[in-house]
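The next block is query_4.cif, given as mmCIF, C-alpha atoms; chains and numbers go by the auth columns.
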```
data_query
#
loop_
_atom_site.group_PDB
_atom_site.id
_atom_site.type_symbol
_atom_site.label_atom_id
_atom_site.label_comp_id
_atom_site.label_asym_id
_atom_site.label_seq_id
_atom_site.Cartn_x
_atom_site.Cartn_y
_atom_site.Cartn_z
_atom_site.B_iso_or_equiv
_atom_site.auth_seq_id
_atom_site.auth_asym_id
ATOM 1 C CA MET A 1 52.499 22.000 110.452 0.00 1 A
ATOM 2 C CA GLN A 2 52.485 25.680 109.513 0.00 2 A
ATOM 3 C CA GLN A 3 55.195 25.005 106.920 0.00 3 A
ATOM 4 C CA LEU A 4 53.059 22.277 105.353 0.00 4 A
ATOM 5 C CA GLU A 5 50.084 24.622 105.211 0.00 5 A
ATOM 6 C CA ASN A 6 52.223 27.303 103.549 0.00 6 A
ATOM 7 C CA PHE A 7 53.562 24.729 101.072 0.00 7 A
ATOM 8 C CA GLY A 8 50.009 23.596 100.297 0.00 8 A
ATOM 9 C CA ASN A 9 48.930 27.188 99.663 0.00 9 A
ATOM 10 C CA LEU A 10 51.918 27.704 97.348 0.00 10 A
ATOM 11 C CA ARG A 11 51.038 24.548 95.425 0.00 11 A
ATOM 12 C CA ASN A 12 47.445 25.709 95.028 0.00 12 A
ATOM 13 C CA LYS A 13 48.538 29.144 93.816 0.00 13 A
ATOM 14 C CA PHE A 14 50.959 27.857 91.158 0.00 14 A
ATOM 15 C CA SER A 15 49.523 24.464 90.218 0.00 15 A
ATOM 16 C CA SER A 16 48.779 25.697 86.692 0.00 16 A
ATOM 17 C CA VAL A 17 52.431 26.619 85.997 0.00 17 A
ATOM 18 C CA ALA A 18 54.489 24.225 88.126 0.00 18 A
ATOM 19 C CA ASP A 19 54.648 20.626 89.230 0.00 19 A
ATOM 20 C CA PHE A 20 55.381 20.035 92.910 0.00 20 A
ATOM 21 C CA LEU A 21 56.788 17.010 94.655 0.00 21 A
ATOM 22 C CA THR A 22 58.224 16.106 98.012 0.00 22 A
ATOM 23 C CA ILE A 23 61.229 13.857 98.491 0.00 23 A
ATOM 24 C CA TYR A 24 61.208 12.073 101.831 0.00 24 A
ATOM 25 C CA ILE A 25 64.819 11.834 103.063 0.00 25 A
ATOM 26 C CA SER A 26 66.301 10.951 106.461 0.00 26 A
ATOM 27 C CA GLU A 27 64.118 11.444 109.502 0.00 27 A
ATOM 28 C CA ALA A 28 64.916 14.951 110.760 0.00 28 A
ATOM 29 C CA HIS A 29 63.672 14.283 114.303 0.00 29 A
ATOM 30 C CA PRO A 30 64.234 10.598 115.082 0.00 30 A
ATOM 31 C CA THR A 31 63.341 9.164 118.465 0.00 31 A
ATOM 32 C CA GLU A 32 67.051 8.514 119.084 0.00 32 A
ATOM 33 C CA GLN A 33 67.514 12.279 119.589 0.00 33 A
ATOM 34 C CA GLU A 34 65.086 12.353 122.551 0.00 34 A
ATOM 35 C CA LEU A 35 63.625 15.706 121.539 0.00 35 A
ATOM 36 C CA GLU A 36 61.172 17.598 123.687 0.00 36 A
ATOM 37 C CA TRP A 37 58.637 18.138 120.885 0.00 37 A
ATOM 38 C CA GLU A 38 56.448 15.848 118.811 0.00 38 A
ATOM 39 C CA ASN A 39 58.513 13.626 116.558 0.00 39 A
ATOM 40 C CA TYR A 40 55.840 11.105 115.525 0.00 40 A
ATOM 41 C CA ASN A 41 57.808 8.371 117.302 0.00 41 A
ATOM 42 C CA LEU A 42 59.915 7.583 114.217 0.00 42 A
ATOM 43 C CA ARG A 43 63.429 6.276 114.565 0.00 43 A
ATOM 44 C CA GLN A 44 66.131 6.740 111.954 0.00 44 A
ATOM 45 C CA HIS A 45 65.359 4.323 109.122 0.00 45 A
ATOM 46 C CA GLN A 46 67.144 0.996 109.072 0.00 46 A
ATOM 47 C CA SER A 47 65.441 -0.271 105.912 0.00 47 A
ATOM 48 C CA MET A 48 63.534 0.981 102.897 0.00 48 A
ATOM 49 C CA ASP A 49 60.336 -0.471 104.362 0.00 49 A
ATOM 50 C CA GLU A 50 60.758 1.745 107.444 0.00 50 A
ATOM 51 C CA LYS A 51 61.499 4.765 105.272 0.00 51 A
ATOM 52 C CA ILE A 52 58.434 4.152 103.104 0.00 52 A
ATOM 53 C CA GLU A 53 56.278 3.779 106.207 0.00 53 A
ATOM 54 C CA ALA A 54 57.626 7.097 107.523 0.00 54 A
ATOM 55 C CA ALA A 55 56.681 8.740 104.205 0.00 55 A
ATOM 56 C CA ARG A 56 53.174 7.360 104.710 0.00 56 A
ATOM 57 C CA VAL A 57 53.083 9.083 108.107 0.00 57 A
ATOM 58 C CA LEU A 58 54.060 12.335 106.368 0.00 58 A
ATOM 59 C CA ARG A 59 51.246 11.848 103.837 0.00 59 A
ATOM 60 C CA LYS A 60 48.728 11.200 106.630 0.00 60 A
ATOM 61 C CA GLU A 61 49.877 14.113 108.802 0.00 61 A
ATOM 62 C CA GLY A 62 50.131 16.463 105.803 0.00 62 A
ATOM 63 C CA LYS A 63 46.448 15.916 105.068 0.00 63 A
ATOM 64 C CA GLU A 64 45.045 18.323 102.484 0.00 64 A
ATOM 65 C CA PHE A 65 48.304 20.294 102.289 0.00 65 A
ATOM 66 C CA LEU A 66 50.000 17.378 100.516 0.00 66 A
ATOM 67 C CA GLU A 67 46.930 16.092 98.703 0.00 67 A
ATOM 68 C CA GLY A 68 47.823 15.376 95.085 0.00 68 A
ATOM 69 C CA CYS A 69 51.521 16.052 95.716 0.00 69 A
ATOM 70 C CA PRO A 70 53.722 13.071 94.864 0.00 70 A
ATOM 71 C CA ILE A 71 55.984 11.962 97.697 0.00 71 A
ATOM 72 C CA LEU A 72 59.131 10.253 96.453 0.00 72 A
ATOM 73 C CA VAL A 73 61.299 8.321 98.901 0.00 73 A
ATOM 74 C CA ASP A 74 65.076 8.729 98.795 0.00 74 A
ATOM 75 C CA ASN A 75 67.022 5.474 98.758 0.00 75 A
ATOM 76 C CA ILE A 76 68.446 4.013 101.955 0.00 76 A
ATOM 77 C CA ASP A 77 71.868 5.532 101.138 0.00 77 A
ATOM 78 C CA ASN A 78 70.243 9.006 101.036 0.00 78 A
ATOM 79 C CA GLU A 79 71.609 9.957 97.615 0.00 79 A
ATOM 80 C CA ALA A 80 69.116 12.794 96.975 0.00 80 A
ATOM 81 C CA GLU A 81 69.602 14.153 100.485 0.00 81 A
ATOM 82 C CA LYS A 82 73.372 14.270 99.977 0.00 82 A
ATOM 83 C CA LYS A 83 73.236 15.654 96.432 0.00 83 A
ATOM 84 C CA TYR A 84 70.832 18.464 97.314 0.00 84 A
ATOM 85 C CA SER A 85 71.899 19.061 100.943 0.00 85 A
ATOM 86 C CA GLY A 86 68.304 18.466 101.903 0.00 86 A
ATOM 87 C CA LEU A 87 68.398 17.649 105.614 0.00 87 A
ATOM 88 C CA PRO A 88 66.260 18.691 107.392 0.00 88 A
ATOM 89 C CA GLU A 89 64.375 20.418 104.573 0.00 89 A
ATOM 90 C CA ARG A 90 65.084 22.520 101.526 0.00 90 A
ATOM 91 C CA LEU A 91 63.184 24.059 98.623 0.00 91 A
ATOM 92 C CA TYR A 92 64.262 24.014 94.984 0.00 92 A
ATOM 93 C CA VAL A 93 62.800 25.259 91.726 0.00 93 A
ATOM 94 C CA ILE A 94 63.987 23.305 88.704 0.00 94 A
ATOM 95 C CA LEU A 95 63.236 24.448 85.169 0.00 95 A
ATOM 96 C CA ASP A 96 64.083 22.257 82.185 0.00 96 A
ATOM 97 C CA GLY A 97 66.527 20.210 84.290 0.00 97 A
ATOM 98 C CA GLU A 98 68.355 23.254 85.705 0.00 98 A
ATOM 99 C CA ILE A 99 68.165 24.505 89.279 0.00 99 A
ATOM 100 C CA ILE A 100 66.975 28.108 89.080 0.00 100 A
ATOM 101 C CA TYR A 101 66.295 28.509 92.800 0.00 101 A
ATOM 102 C CA ALA A 102 67.981 26.725 95.689 0.00 102 A
ATOM 103 C CA GLY A 103 66.669 27.779 99.066 0.00 103 A
ATOM 104 C CA GLU A 104 68.729 27.871 102.204 0.00 104 A
ATOM 105 C CA MET A 105 68.615 24.854 104.478 0.00 105 A
ATOM 106 C CA GLY A 106 65.606 24.643 106.757 0.00 106 A
ATOM 107 C CA PRO A 107 64.076 25.137 109.052 0.00 107 A
ATOM 108 C CA PHE A 108 65.383 28.711 109.331 0.00 108 A
ATOM 109 C CA GLY A 109 66.300 29.160 105.667 0.00 109 A
ATOM 110 C CA TYR A 110 63.056 27.600 104.422 0.00 110 A
ATOM 111 C CA SER A 111 61.322 30.438 102.552 0.00 111 A
ATOM 112 C CA ILE A 112 58.007 29.843 100.828 0.00 112 A
ATOM 113 C CA LYS A 113 58.001 33.586 100.070 0.00 113 A
ATOM 114 C CA GLU A 114 61.173 33.298 97.968 0.00 114 A
ATOM 115 C CA VAL A 115 59.745 30.367 96.012 0.00 115 A
ATOM 116 C CA ASP A 116 56.544 32.359 95.494 0.00 116 A
ATOM 117 C CA GLN A 117 58.595 35.259 94.077 0.00 117 A
ATOM 118 C CA CYS A 118 60.565 32.930 91.795 0.00 118 A
ATOM 119 C CA LEU A 119 57.429 31.225 90.464 0.00 119 A
ATOM 120 C CA SER A 120 55.672 34.586 90.037 0.00 120 A
ATOM 121 C CA LYS A 121 58.475 35.694 87.703 0.00 121 A
ATOM 122 C CA LEU A 122 58.130 32.486 85.673 0.00 122 A
ATOM 123 C CA GLU A 123 54.365 32.903 85.508 0.00 123 A
ATOM 124 C CA LEU A 124 54.804 36.344 83.924 0.00 124 A
ATOM 125 C CA LYS A 125 56.944 34.998 81.081 0.00 125 A
#
```
Encoded form (structure tokens):
Amino acid sequence: MQQLENFGNLRNKFSSVADFLTIYISEAHPTEQELEWENYNLRQHQSMDEKIEAARVLRKEGKEFLEGCPILVDNIDNEAEKKYSGLPERLYVILDGEIIYAGEMGPFGYSIKEVDQCLSKLELK
């Protein structure tokens, strides 16, 4: 949840210069993995309906940190996830259709600070 809070703070800071969105991809912690931490009891999606429902769980759990942030849902073949190497999570900054920042893969390469620095430079222009 700390990452969502940090993302929400970033969105609030730069909402006047950038649009933010979240793309819900494959479930990073499905019940099939039998993890020892909270995984919201979601299995890997077998249909678009299941994937959309999982995105609704994200919206609910994200509370105010995702308020006003569109959540798009990747298709069942995970095209966006594959194209952007998004699993389990990744941050991008896209300007005029070009990727100007591609973060490392999360959770360890997920850097709100780097996105903040990138957007700060754009804000100065």
Could you list the residues chosen by the PyMOL selection byres ((chain A and resi 77) around 12) in this structure as number ranges by chain?
A: 25-26, 45-48, 51, 73-76, 78-83
Show me the residues close to (46.3, 18.9, 104.6) - anything with an atom within 12 Å, counting only C-alpha atoms - and format the list as an NGL selection string.
:A and (1-9 or 11-12 or 58-69)
Would you work out the distance separating CA of Gly103 in chain A from CA of Leu91 in chain A, expressed in Å to one decimal?
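CA of Gly103 in chain A sits 5.1 Å away from CA of Leu91 in chain A.
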Quick one: residues within 12 Å of Leu119 in chain A, all atoms listed in the file, excluding same-chain residues fewer than 6 positions away - as a PyMOL selection string?
chain A and resi 10-11+13-20+92-95+100-101+112-113+125
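Going from CA of Arg43 in chain A to CA of Glu89 in chain A covers 17.3 Å.
The space between CA of Glu27 in chain A and CA of Ala55 in chain A spans 9.5 Å.
The closest residue to Ser111 in chain A, picked from A:Arg90, A:Glu98, A:Tyr24, A:Ala54 and counting all atoms listed in the file, is A:Arg90.
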So, counting all atoms listed in the file, which residue among A:Leu21, A:Val57, A:Gln117, A:Gly106 is closest to Gly86 in chain A?
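Among the listed residues, the smallest separation from Gly86 in chain A belongs to A:Gly106.
Take the candidates A:Thr22, A:Asp96, A:Leu87, A:Leu42 and check each one against Gly109 in chain A using only C-alpha atoms; the shortest distance goes to A:Leu87.
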To test the calculation: enclose all listed atoms of range 11-16 of chain A in a box whose edges run along x, y and z, add 6 Å on each side, then state centre and edge lengths in Å to one decimal, as JSON.
```
{"center_x": 49.2, "center_y": 26.8, "center_z": 91.1, "size_x": 15.6, "size_y": 16.7, "size_z": 20.7}
```
